[in-house]
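*Asks:* Enclosed is the structure file upload_20.txt (compact mmCIF, C-alpha atoms).
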# COMPACT_ATOMS: atom_id res chain seq x y z
CA MET A 1 -5.79 -17.31 3.10
CA SER A 2 -8.67 -17.92 5.55
CA ASP A 3 -10.73 -14.69 5.57
CA ASN A 4 -7.88 -12.58 4.15
CA VAL A 5 -8.70 -10.87 0.85
CA ILE A 6 -5.11 -9.70 0.31
CA GLN A 7 -2.03 -11.43 1.63
CA VAL A 8 1.43 -9.98 0.97
CA GLU A 9 4.52 -12.02 1.84
CA ASN A 10 8.13 -10.81 1.79
CA LEU A 11 7.60 -8.25 -0.99
CA TRP A 12 10.69 -6.56 -2.48
CA LYS A 13 10.91 -4.05 -5.31
CA GLU A 14 14.23 -2.99 -6.83
CA TYR A 15 14.87 -0.20 -9.31
CA ARG A 16 18.20 0.11 -11.10
CA LEU A 17 19.15 3.74 -11.41
CA GLY A 18 20.11 4.71 -14.94
CA VAL A 19 19.17 1.27 -16.34
CA ILE A 20 16.22 1.05 -18.72
CA ASN A 21 13.85 -1.90 -18.54
CA HIS A 22 14.64 -4.42 -21.31
CA HIS A 23 10.98 -4.99 -22.13
CA THR A 24 10.53 -1.96 -24.40
CA LEU A 25 9.44 -1.64 -28.01
CA ALA A 26 12.69 0.11 -28.94
CA LEU A 27 14.84 -2.75 -27.63
CA ASP A 28 12.57 -5.36 -29.24
CA LEU A 29 13.01 -3.60 -32.59
CA GLN A 30 16.77 -3.44 -32.00
CA SER A 31 16.87 -7.20 -31.37
CA TRP A 32 14.68 -7.89 -34.44
CA TRP A 33 16.86 -5.73 -36.69
CA ALA A 34 20.04 -7.46 -35.48
CA ARG A 35 18.54 -10.89 -36.25
CA MET A 36 17.39 -9.73 -39.70
CA ARG A 37 20.98 -8.77 -40.52
CA GLY A 38 22.39 -11.98 -39.10
CA LYS A 39 24.05 -10.14 -36.23
CA GLU A 40 24.22 -11.07 -32.57
CA ASP A 41 21.26 -9.91 -30.51
CA PRO A 42 22.64 -7.09 -28.31
CA ASN A 43 19.85 -7.72 -25.77
CA SER A 44 20.20 -11.50 -25.43
CA PRO A 45 20.79 -13.01 -21.97
CA LEU A 46 24.38 -13.81 -22.98
CA ALA A 47 25.03 -10.22 -24.05
CA ALA A 48 23.44 -8.95 -20.87
CA ALA A 49 25.67 -11.24 -18.80
CA LEU A 50 28.77 -9.78 -20.48
CA LYS A 51 27.76 -6.22 -19.62
CA PRO A 52 29.28 -4.59 -16.51
CA ALA A 53 27.57 -5.73 -13.32
CA VAL A 54 25.14 -3.39 -11.64
CA THR A 55 26.89 -1.79 -8.68
CA GLU A 56 25.27 -1.39 -5.29
CA GLY A 57 25.12 2.36 -5.88
CA GLN A 58 22.86 1.76 -8.88
CA ARG A 59 20.37 -0.29 -6.87
CA PHE A 60 17.43 1.35 -5.16
CA TRP A 61 15.11 -0.77 -3.07
CA ALA A 62 11.72 0.98 -3.04
CA LEU A 63 10.24 -1.84 -0.92
CA LYS A 64 12.10 -4.18 1.41
CA ASP A 65 10.58 -7.35 2.84
CA VAL A 66 7.01 -6.02 3.15
CA SER A 67 4.43 -8.41 4.63
CA PHE A 68 0.84 -7.79 5.75
CA ASP A 69 -2.70 -9.04 5.24
CA VAL A 70 -6.08 -7.37 4.75
CA LYS A 71 -9.39 -8.95 5.69
CA GLN A 72 -12.70 -8.75 3.88
CA GLY A 73 -14.60 -5.53 4.58
CA GLU A 74 -11.57 -3.89 6.17
CA ILE A 75 -10.47 -0.33 5.31
CA LEU A 76 -6.68 -0.17 5.60
CA GLY A 77 -5.00 3.23 5.81
CA ILE A 78 -1.46 3.42 4.41
CA ILE A 79 0.62 6.34 5.68
CA GLY A 80 4.22 7.51 5.42
CA SER A 81 6.39 10.38 4.23
CA ASN A 82 6.89 11.25 0.56
CA GLY A 83 9.15 8.68 -1.11
CA ALA A 84 8.55 6.04 1.58
CA GLY A 85 7.25 3.49 -0.96
CA LYS A 86 3.47 3.83 -0.58
CA SER A 87 2.71 4.44 -4.27
CA THR A 88 5.09 1.67 -5.36
CA LEU A 89 3.23 -0.72 -3.07
CA LEU A 90 -0.14 0.27 -4.55
CA LYS A 91 1.17 -0.10 -8.11
CA ILE A 92 2.27 -3.65 -7.34
CA LEU A 93 -1.05 -4.47 -5.66
CA SER A 94 -2.89 -2.99 -8.67
CA GLN A 95 -0.72 -5.13 -11.00
CA VAL A 96 0.66 -2.05 -12.76
CA THR A 97 4.22 -3.22 -12.07
CA ASN A 98 5.74 -6.49 -10.89
CA PRO A 99 7.62 -7.07 -7.65
CA THR A 100 11.28 -8.08 -7.75
CA ARG A 101 10.46 -10.94 -5.41
CA GLY A 102 7.76 -11.93 -2.96
CA LYS A 103 4.20 -13.21 -3.18
CA ILE A 104 0.77 -11.55 -3.33
CA ARG A 105 -2.50 -13.46 -3.08
CA TYR A 106 -5.89 -11.91 -3.91
CA LYS A 107 -9.53 -12.86 -3.62
CA GLY A 108 -11.78 -11.01 -6.05
CA ARG A 109 -11.66 -8.22 -8.59
CA ILE A 110 -9.57 -5.05 -8.05
CA ALA A 111 -10.53 -1.46 -8.93
CA SER A 112 -7.75 1.07 -8.44
CA LEU A 113 -7.45 4.82 -8.73
CA LEU A 114 -3.76 5.71 -8.59
CA GLU A 115 -3.51 8.81 -10.76
CA VAL A 116 -5.97 11.41 -11.96
CA GLY A 117 -7.80 10.18 -15.03
CA THR A 118 -5.81 6.96 -15.54
CA GLY A 119 -7.22 5.31 -18.66
CA PHE A 120 -8.88 8.51 -19.93
CA HIS A 121 -8.29 9.69 -23.50
CA PRO A 122 -8.13 13.50 -23.65
CA ASP A 123 -9.84 13.77 -27.05
CA LEU A 124 -12.83 11.64 -26.05
CA THR A 125 -15.85 13.08 -24.27
CA GLY A 126 -16.70 12.36 -20.67
CA ARG A 127 -19.43 9.95 -21.83
CA GLU A 128 -17.03 8.04 -24.08
CA ASN A 129 -14.38 7.91 -21.37
CA VAL A 130 -16.85 6.47 -18.86
CA TYR A 131 -17.39 3.53 -21.21
CA LEU A 132 -13.68 3.27 -22.06
CA ASN A 133 -12.45 3.45 -18.47
CA GLY A 134 -15.22 1.17 -17.24
CA ALA A 135 -14.18 -1.44 -19.83
CA ILE A 136 -10.53 -1.13 -18.74
CA LEU A 137 -11.59 -1.74 -15.13
CA GLY A 138 -13.54 -4.84 -16.17
CA MET A 139 -17.14 -3.62 -16.48
CA ASP A 140 -19.21 -4.82 -19.43
CA LYS A 141 -21.28 -2.45 -21.55
CA ASP A 142 -24.62 -3.29 -19.93
CA GLU A 143 -23.17 -2.77 -16.44
CA ILE A 144 -21.82 0.64 -17.43
CA ARG A 145 -25.11 1.62 -19.07
CA ASN A 146 -27.09 0.69 -15.94
CA LYS A 147 -24.77 2.74 -13.70
CA PHE A 148 -24.11 5.62 -16.09
CA ASP A 149 -26.58 8.07 -14.53
CA SER A 150 -25.29 7.34 -11.03
CA ILE A 151 -21.68 7.85 -12.18
CA ILE A 152 -22.19 11.27 -13.73
CA SER A 153 -24.47 12.37 -10.89
CA PHE A 154 -21.78 11.44 -8.34
CA ALA A 155 -19.12 13.24 -10.40
CA GLU A 156 -21.36 16.32 -10.85
CA VAL A 157 -20.40 16.74 -14.52
CA GLU A 158 -23.83 16.34 -16.15
CA LYS A 159 -23.54 19.58 -18.13
CA PHE A 160 -20.14 18.65 -19.54
CA ILE A 161 -20.54 14.92 -20.11
CA ASP A 162 -20.39 15.34 -23.92
CA THR A 163 -17.37 17.68 -23.77
CA PRO A 164 -13.84 16.31 -24.45
CA VAL A 165 -12.15 15.71 -21.10
CA LYS A 166 -9.05 17.67 -22.19
CA ARG A 167 -11.21 20.75 -21.52
CA TYR A 168 -12.06 19.57 -17.98
CA SER A 169 -10.45 21.11 -14.93
CA SER A 170 -8.39 18.67 -12.88
CA GLY A 171 -11.17 18.70 -10.28
CA MET A 172 -13.76 17.56 -12.85
CA TYR A 173 -11.26 15.01 -14.16
CA VAL A 174 -10.71 13.33 -10.81
CA ARG A 175 -14.40 13.42 -9.89
CA LEU A 176 -15.30 11.47 -13.01
CA ALA A 177 -12.36 9.05 -12.63
CA PHE A 178 -13.22 8.29 -9.00
CA ALA A 179 -16.92 7.91 -9.81
CA VAL A 180 -16.20 5.21 -12.42
CA ALA A 181 -13.84 3.27 -10.12
CA ALA A 182 -16.18 3.57 -7.13
CA HIS A 183 -19.16 2.19 -9.07
CA LEU A 184 -17.29 -0.92 -10.20
CA GLU A 185 -18.60 -3.83 -8.12
CA SER A 186 -15.12 -5.02 -7.19
CA GLU A 187 -14.15 -6.82 -4.02
CA ILE A 188 -11.07 -4.59 -3.56
CA LEU A 189 -10.85 -0.81 -4.04
CA ILE A 190 -7.39 0.84 -4.02
CA VAL A 191 -7.24 4.64 -3.77
CA ASP A 192 -4.06 6.74 -3.79
CA GLU A 193 -3.81 10.41 -2.72
CA VAL A 194 -5.84 11.60 -5.73
CA LEU A 195 -8.73 12.94 -3.66
CA ALA A 196 -6.54 15.94 -2.82
CA VAL A 197 -7.45 17.41 -6.21
CA GLY A 198 -11.12 17.66 -5.36
CA ASP A 199 -12.69 20.31 -3.17
CA ALA A 200 -13.71 19.73 0.45
CA GLN A 201 -17.30 18.79 -0.41
CA PHE A 202 -16.20 16.20 -2.96
CA GLN A 203 -13.61 14.74 -0.59
CA LYS A 204 -16.36 14.27 2.00
CA LYS A 205 -18.51 12.51 -0.60
CA CYS A 206 -15.62 10.21 -1.58
CA LEU A 207 -14.91 9.30 2.04
CA GLY A 208 -18.59 8.47 2.46
CA LYS A 209 -18.46 6.26 -0.62
CA MET A 210 -15.47 4.36 0.78
CA GLU A 211 -17.27 3.94 4.12
CA ASP A 212 -20.23 2.48 2.23
CA ALA A 213 -17.87 0.11 0.40
CA GLY A 214 -16.55 -1.19 3.73
CA ARG A 215 -20.06 -1.68 5.10
CA ASP A 216 -20.96 -3.63 1.93
CA GLY A 217 -18.12 -6.07 2.61
CA ARG A 218 -15.65 -4.61 0.11
CA THR A 219 -12.00 -4.13 1.05
CA VAL A 220 -10.47 -0.66 0.70
CA LEU A 221 -6.79 0.36 0.70
CA PHE A 222 -6.49 4.11 1.17
CA VAL A 223 -3.29 6.20 0.98
CA SER A 224 -3.51 9.74 2.31
CA HIS A 225 -1.44 12.41 4.05
CA SER A 226 -4.57 13.53 5.88
CA LEU A 227 -4.33 11.69 9.18
CA GLU A 228 -7.72 13.12 10.12
CA SER A 229 -9.34 11.31 7.16
CA ILE A 230 -7.33 8.15 7.80
CA LYS A 231 -8.36 8.05 11.46
CA LYS A 232 -12.02 8.66 10.66
CA LEU A 233 -12.24 6.10 7.86
CA CYS A 234 -9.84 3.25 8.63
CA THR A 235 -9.77 0.48 11.21
CA ARG A 236 -6.15 -0.60 10.77
CA GLY A 237 -3.05 1.22 9.54
CA LEU A 238 0.17 0.41 7.70
CA TYR A 239 3.04 2.84 8.30
CA VAL A 240 5.68 2.59 5.55
CA LYS A 241 9.09 4.13 6.23
CA ASN A 242 12.05 3.93 3.83
CA GLY A 243 10.49 0.96 2.04
CA ASN A 244 9.91 -1.04 5.24
CA VAL A 245 6.79 -1.70 7.29
CA SER A 246 7.52 0.35 10.39
CA CYS A 247 4.15 -0.32 12.02
CA PHE A 248 1.13 -2.51 11.18
CA ASP A 249 -1.41 -2.03 13.92
CA ASP A 250 -4.80 -0.60 14.79
CA ILE A 251 -5.18 2.87 13.31
CA ASP A 252 -4.52 4.79 16.54
CA GLY A 253 -1.29 2.89 17.24
CA CYS A 254 -0.15 3.31 13.64
CA ILE A 255 -0.74 7.08 13.67
CA ASP A 256 1.03 7.43 17.01
CA SER A 257 4.05 5.60 15.60
CA TYR A 258 4.09 7.84 12.52
CA LEU A 259 3.87 11.02 14.56
CA GLU A 260 6.64 9.88 16.90
CA ASN A 261 9.02 8.71 14.15
CA GLY A 262 8.00 10.38 10.92
CA THR A 263 7.51 14.05 11.64
CA ASP A 264 10.84 14.75 13.34
CA ASN A 265 12.79 13.61 10.27
CA VAL A 266 11.83 16.64 8.19
CA GLU A 267 15.07 18.23 6.97
CA ARG A 268 13.48 21.44 5.69
CA ILE A 269 9.92 22.64 5.32
CA VAL A 270 9.97 22.77 1.51
CA SER A 271 11.40 19.25 1.18
CA HIS A 272 8.37 18.03 3.14
CA ALA A 273 5.90 19.62 0.70
CA ALA A 274 3.72 17.52 -1.60
CA LYS A 275 3.26 19.00 -5.08
CA PHE A 276 -0.07 18.42 -6.80
CA SER A 277 0.17 20.84 -9.74
CA GLU A 278 2.71 22.12 -12.25
CA LYS A 279 1.35 25.66 -11.94
CA LEU A 280 3.83 26.78 -9.31
CA ASP A 281 6.91 25.79 -7.31
CA VAL A 282 7.67 26.84 -3.75
CA HIS A 283 11.34 27.57 -3.13
CA GLN A 284 11.34 28.67 0.50
CA ILE A 285 9.03 28.90 3.50
CA LEU A 286 10.18 30.91 6.49
CA VAL A 287 8.35 31.00 9.82
CA ASN A 288 9.34 33.97 11.97
CA GLY A 289 12.30 34.51 9.65
CA CYS A 290 13.86 31.05 10.02
CA GLU A 291 13.69 27.79 8.07
CA ASP A 292 13.80 25.48 11.08
CA ASN A 293 11.04 22.91 11.43
CA VAL A 294 10.78 23.43 15.21
CA ILE A 295 9.59 26.84 16.44
CA PRO A 296 9.76 27.59 20.19
CA ILE A 297 6.72 29.48 21.48
CA LYS A 298 7.49 31.35 24.69
CA GLU A 299 3.90 32.43 25.25
CA GLY A 300 0.76 30.56 24.29
CA ARG A 301 -0.65 33.57 22.46
CA GLN A 302 1.95 34.69 19.93
CA ASN A 303 2.12 36.15 16.44
CA LEU A 304 3.61 34.03 13.61
CA THR A 305 4.87 35.51 10.35
CA ILE A 306 5.00 33.12 7.39
CA ASP A 307 6.92 34.09 4.23
CA VAL A 308 6.53 31.97 1.10
CA THR A 309 8.60 32.54 -2.05
CA GLY A 310 8.59 30.64 -5.32
CA VAL A 311 7.87 30.84 -9.03
CA VAL A 312 4.59 30.68 -10.99
CA HIS A 313 4.61 28.81 -14.32
CA SER A 314 1.05 29.62 -15.38
CA ARG A 315 -1.36 32.27 -14.13
CA THR A 316 -3.46 30.81 -11.36
CA ARG A 317 -5.96 31.76 -8.70
CA ILE A 318 -4.71 30.84 -5.25
CA ALA A 319 -5.68 30.76 -1.62
CA PHE A 320 -3.32 30.21 1.30
CA GLU A 321 -4.44 28.09 4.23
CA ALA A 322 -2.72 27.38 7.54
CA ARG A 323 -3.88 24.99 10.26
CA VAL A 324 -2.81 24.49 13.85
CA LEU A 325 -3.13 20.88 14.98
CA GLU A 326 -2.62 18.91 18.14
CA SER A 327 -0.29 15.91 17.99
CA SER A 328 -3.42 13.76 17.60
CA GLU A 329 -4.08 15.61 14.30
CA HIS A 330 -7.17 17.30 15.71
CA VAL A 331 -7.46 20.75 14.09
CA ILE A 332 -7.75 23.45 16.75
CA GLY A 333 -7.37 26.52 14.54
CA ILE A 334 -7.51 27.44 10.85
CA PHE A 335 -6.43 30.54 8.94
CA TYR A 336 -8.13 30.93 5.57
CA PRO A 337 -8.39 34.60 4.54
CA ILE A 338 -10.16 34.04 1.22
CA HIS A 339 -13.57 32.44 1.05
CA TYR A 340 -14.05 29.69 -1.57
CA SER A 341 -16.86 31.55 -3.28
CA GLU A 342 -14.99 34.86 -3.56
CA PRO A 343 -11.31 34.26 -4.34
CA ARG A 344 -9.47 37.50 -5.09
CA LEU A 345 -5.77 36.58 -5.18
CA PHE A 346 -4.17 35.75 -8.53
CA LEU A 347 -0.54 34.90 -9.22
CA GLN A 348 0.96 35.99 -12.53
CA ILE A 349 3.79 34.13 -14.27
CA GLY A 350 7.10 34.86 -12.57
CA HIS A 351 8.48 34.97 -9.04
CA PHE A 352 6.19 35.60 -6.09
CA HIS A 353 6.38 36.36 -2.37
CA VAL A 354 3.42 35.90 -0.04
CA ARG A 355 3.56 37.07 3.57
CA CYS A 356 0.97 35.95 6.09
CA SER A 357 0.64 36.96 9.73
CA ILE A 358 -1.25 34.67 12.14
CA MET A 359 -2.09 35.23 15.80
CA LEU A 360 -1.95 31.92 17.62
CA PRO A 361 -4.67 31.15 20.15
CA ASN A 362 -3.69 31.02 23.82
CA LEU A 363 -2.24 27.50 23.80
CA THR A 364 -1.48 25.37 26.80
CA LYS A 365 2.02 23.97 27.25
CA GLY A 366 2.81 21.14 24.80
CA GLU A 367 3.61 20.19 21.20
CA TYR A 368 1.56 21.32 18.18
CA TYR A 369 1.96 21.31 14.41
CA LEU A 370 1.45 23.95 11.75
CA SER A 371 0.36 22.85 8.26
CA PHE A 372 0.32 24.99 5.11
CA ARG A 373 -1.59 24.60 1.88
CA PHE A 374 -1.91 26.49 -1.42
CA THR A 375 -5.10 25.75 -3.37
CA ASP A 376 -6.94 26.90 -6.44
CA PRO A 377 -10.21 27.33 -4.49
CA GLY A 378 -12.80 24.71 -5.34
CA VAL A 379 -10.64 23.23 -8.12
CA GLU A 380 -7.43 21.61 -6.89
CA TRP A 381 -4.62 21.56 -4.38
CA LEU A 382 -1.38 23.16 -5.59
CA ILE A 383 1.12 22.66 -2.77
CA ASP A 384 0.53 20.92 0.55
CA CYS A 385 2.92 20.98 3.55
CA PRO A 386 1.33 18.75 6.22
CA ARG A 387 2.85 19.06 9.70
CA ALA A 388 5.54 21.29 8.22
CA VAL A 389 6.47 23.03 11.47
CA ARG A 390 6.39 21.79 15.05
CA LEU A 391 5.36 24.42 17.59
CA SER A 392 6.86 23.83 21.01
CA VAL A 393 4.81 25.87 23.49
CA GLU A 394 6.93 26.42 26.60
CA SER A 395 4.68 28.72 28.63
CA GLU A 396 3.20 27.38 31.86
CA VAL A 397 -0.28 28.41 32.94
CA ILE A 398 -0.81 27.90 36.66
CA THR A 399 -4.35 27.79 38.00
CA ALA A 400 -5.49 29.14 41.35
CA ALA A 401 -5.14 25.63 42.73
CA GLY A 402 -1.48 25.61 41.71
CA VAL A 403 -1.98 23.14 38.82
CA VAL A 404 0.11 23.64 35.68
CA LEU A 405 -2.11 23.26 32.61
CA GLU A 406 -0.55 21.20 29.82
CA ASN A 407 -1.96 19.77 26.63
CA ARG A 408 -2.60 16.24 27.83
CA ARG A 409 -5.61 13.99 28.11
CA GLY A 410 -8.26 15.59 30.24
CA HIS A 411 -7.19 19.16 29.49
CA GLY A 412 -7.99 21.33 26.48
CA ALA A 413 -5.44 22.86 24.12
CA ILE A 414 -6.71 26.45 24.15
CA ILE A 415 -7.06 28.68 27.19
CA LEU A 416 -10.31 30.60 26.80
CA ASP A 417 -10.63 34.26 27.72
CA GLY A 418 -13.61 35.16 29.88
CA SER A 419 -14.79 36.24 33.29
CA ILE A 420 -16.94 34.95 36.12
CA ASN A 421 -19.22 36.94 38.38
CA LEU A 422 -20.43 35.51 41.69
CA GLN A 423 -23.53 37.07 43.20
CA GLN A 424 -24.82 36.48 46.68
CA ASP A 425 -27.85 38.08 48.28
CA SER A 426 -30.61 37.11 50.62
CA THR A 427 -32.76 35.64 47.84
CA ILE A 428 -30.06 33.26 46.64
CA ASP A 429 -29.14 32.35 50.21
CA SER A 430 -32.80 31.58 50.93
CA LEU A 431 -33.05 29.36 47.83
CA ASN A 432 -29.94 27.44 48.87
CA ARG A 433 -31.35 26.77 52.36
CA ASN A 434 -34.69 25.58 50.94
CA ALA A 435 -32.94 23.26 48.53
As structure tokens, what does this structure read like?

*Replies:*
Amino acid sequence: MSDNVIQVENLWKEYRLGVINHHTLALDLQSWWARMRGKEDPNSPLAAALKPAVTEGQRFWALKDVSFDVKQGEILGIIGSNGAGKSTLLKILSQVTNPTRGKIRYKGRIASLLEVGTGFHPDLTGRENVYLNGAILGMDKDEIRNKFDSIISFAEVEKFIDTPVKRYSSGMYVRLAFAVAAHLESEILIVDEVLAVGDAQFQKKCLGKMEDAGRDGRTVLFVSHSLESIKKLCTRGLYVKNGNVSCFDDIDGCIDSYLENGTDNVERIVSHAAKFSEKLDVHQILVNGCEDNVIPIKEGRQNLTIDVTGVVHSRTRIAFEARVLESSEHVIGIFYPIHYSEPRLFLQIGHFHVRCSIMLPNLTKGEYYLSFRFTDPGVEWLIDCPRAVRLSVESEVITAAGVVLENRRGHGAIILDGSINLQQDSTIDSLNRNA
């Protein structure tokens, strides 16, 4: 493996639609009961061979011939659309599930955070769950005791550490879960898109913790839909598309490949949304009255009307956020009408319709993206639609020198309003001659 900490070779993962895994307690009891009665085991290999063959339509390959390697101290960003196979890959790497075929080689201990509060018992307190989850991750009691104060300080749950975690908000839940995993002295840290539940300040703290892990020689695998975070944190990228490795390159090349190939395949805006909560469902998002994912912008400065309809399953506090991004994922404008500290918008149970009007800045000619997000401010994300709409700005701005300004390297994205006043008098003329 040389200096590789993880080496993946020809990894495949198959799921059989409608077929239940044979390794279940119910089937084991069925086999035991048949043997006790002197009957043929209905789950024996012979019986399984006599069953109808699995058709190709029942096979779903979540991963197909995936190969890559990760070096010590490297932070690898894994990107791709929803359903591409990212989470399946992390589950296999975390040894939660087995691959259908292929090889994985590791060096060192693995700490993984795939879902909010994995390994937590809802009836136990935060303190008890720190010890329980730490033991599951491989920490001994003395190690947990020595790091306990640091864990709860990082999670910011000191006041509630002796409260059952079933009374925690999802934000508190994920803070404590991440804090335990991050303080395990493992050689490999695997983090799925769970940081989306935390607020912006906590996300920043988590990214800093992962940066520290890389500097300490630990290897980090990080899955996120936030290309801004991926680009800031990671050195190399793995772009997964339809179960295949579409690109494995330096992070800039990987993001460029994803933006070129991944964002144009959005069928509808809602199908591109990532759901993080059961509190609400979004049924339709219309931009300027249409559901297309490409919006032509005739003039750089133009008004956009966004209509969102859906259904609320439990009363929740919400805030709506929209961002305008360049193709490089650099945010050039944000619309956030409700401040985190003073949220005023509540959704009651039932159907809802939110209308938002945004005035675009005076954009230069080029391609941009519009992202949407519903949050419970300071607590959790509800619905996220990254790069949901592509804005194609067609207007041409011609300078006095006859140059057409476009959004390309060397030029800015926004045309700034302003004025210039040139003054000339004898004093200035005298200064220029003396100079």

*Asks:* Restricting the calculation to only C-alpha atoms: of A:Cys254, A:Leu90, A:Cys290, A:Met210, which residue gets closest to A:Glu74?

*Replies:*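 Nearest candidate to A:Glu74 out of A:Cys254, A:Leu90, A:Cys290, A:Met210: A:Met210.
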
*Asks:* Between atom CA of A:Val245 and atom CA of A:Lys64, measure the distance and give it in Å to one decimal.

*Replies:* 8.3 Å

*Asks:* List as a list in words the protein and nucleic acid residues near A:Gly73, meaning an atom at most 9 Å away when only C-alpha atoms are counted, but skip any in the same chain fewer than 4 places from it.

*Replies:*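 That gives Val5, Glu187, Ile188, Ala213, Gly214, Arg215, Asp216, Gly217, Arg218, Thr219 and Val220 of chain A.
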
*Asks:* Take the residues just selected and output them with C-alpha atoms as a short mmCIF file (atom, residue, chain, number, x, y, z; two decimals), in the coordinates of the input.

*Replies:*
data_model
loop_
_atom_site.label_atom_id
_atom_site.label_comp_id
_atom_site.auth_asym_id
_atom_site.auth_seq_id
_atom_site.Cartn_x
_atom_site.Cartn_y
_atom_site.Cartn_z
CA VAL A 5 -8.70 -10.87 0.85
CA GLU A 187 -14.15 -6.82 -4.02
CA ILE A 188 -11.07 -4.59 -3.56
CA ALA A 213 -17.87 0.11 0.40
CA GLY A 214 -16.55 -1.19 3.73
CA ARG A 215 -20.06 -1.68 5.10
CA ASP A 216 -20.96 -3.63 1.93
CA GLY A 217 -18.12 -6.07 2.61
CA ARG A 218 -15.65 -4.61 0.11
CA THR A 219 -12.00 -4.13 1.05
CA VAL A 220 -10.47 -0.66 0.70
#

*Asks:* Just how far from atom CA of A:Thr125 is atom CA of A:Ile383, in Å to one decimal?

*Replies:*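 One can read the atom CA of A:Ile383 to atom CA of A:Thr125 distance as 29.0 Å.
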
*Asks:* Skipping near chain neighbours, those fewer than 6 positions away, what residues fall within 12 Å of A:Val130 using all atoms listed in the file, listed as a ChimeraX atom specification?

*Replies:* /A:117-121,124,136-137,139-141,143-145,147-152,155,157,161-162,164-165,173,175-181,183-184

*Asks:* Using C-alpha atoms, can you export the residues from the last selection as a tab-separated table (two decimals), in the coordinates of the input?

*Replies:*
chain	number	residue	atom	x	y	z
A	117	GLY	CA	-7.80	10.18	-15.03
A	118	THR	CA	-5.81	6.96	-15.54
A	119	GLY	CA	-7.22	5.31	-18.66
A	120	PHE	CA	-8.88	8.51	-19.93
A	121	HIS	CA	-8.29	9.69	-23.50
A	124	LEU	CA	-12.83	11.64	-26.05
A	136	ILE	CA	-10.53	-1.13	-18.74
A	137	LEU	CA	-11.59	-1.74	-15.13
A	139	MET	CA	-17.14	-3.62	-16.48
A	140	ASP	CA	-19.21	-4.82	-19.43
A	141	LYS	CA	-21.28	-2.45	-21.55
A	143	GLU	CA	-23.17	-2.77	-16.44
A	144	ILE	CA	-21.82	0.64	-17.43
A	145	ARG	CA	-25.11	1.62	-19.07
A	147	LYS	CA	-24.77	2.74	-13.70
A	148	PHE	CA	-24.11	5.62	-16.09
A	149	ASP	CA	-26.58	8.07	-14.53
A	150	SER	CA	-25.29	7.34	-11.03
A	151	ILE	CA	-21.68	7.85	-12.18
A	152	ILE	CA	-22.19	11.27	-13.73
A	155	ALA	CA	-19.12	13.24	-10.40
A	157	VAL	CA	-20.40	16.74	-14.52
A	161	ILE	CA	-20.54	14.92	-20.11
A	162	ASP	CA	-20.39	15.34	-23.92
A	164	PRO	CA	-13.84	16.31	-24.45
A	165	VAL	CA	-12.15	15.71	-21.10
A	173	TYR	CA	-11.26	15.01	-14.16
A	175	ARG	CA	-14.40	13.42	-9.89
A	176	LEU	CA	-15.30	11.47	-13.01
A	177	ALA	CA	-12.36	9.05	-12.63
A	178	PHE	CA	-13.22	8.29	-9.00
A	179	ALA	CA	-16.92	7.91	-9.81
A	180	VAL	CA	-16.20	5.21	-12.42
A	181	ALA	CA	-13.84	3.27	-10.12
A	183	HIS	CA	-19.16	2.19	-9.07
A	184	LEU	CA	-17.29	-0.92	-10.20

*Asks:* Pick the closest to A:Val66 from A:Val8, A:Leu347, A:Ile318, A:Ala34: which is it, counting only C-alpha atoms?

*Replies:*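 Residue with the minimum atom-to-atom distance to A:Val66: A:Val8.
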
*Asks:* Between A:Leu93, A:Val191, A:Leu286, A:Ile79, which residue has the minimum interatomic distance to A:Val389, considering all atoms listed in the file?

*Replies:* A:Leu286

*Asks:* Atom CA of A:Lys103 and atom CA of A:Gln7 are how many Å apart?

*Replies:*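 That distance, rounded to one decimal, is 8.1 Å.
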
*Asks:* Taking all atoms listed in the file into account, which of A:Phe320, A:Phe374, A:Tyr369, A:Phe222 comes nearest A:Ser87?

*Replies:*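 Residue with the minimum atom-to-atom distance to A:Ser87: A:Phe222.
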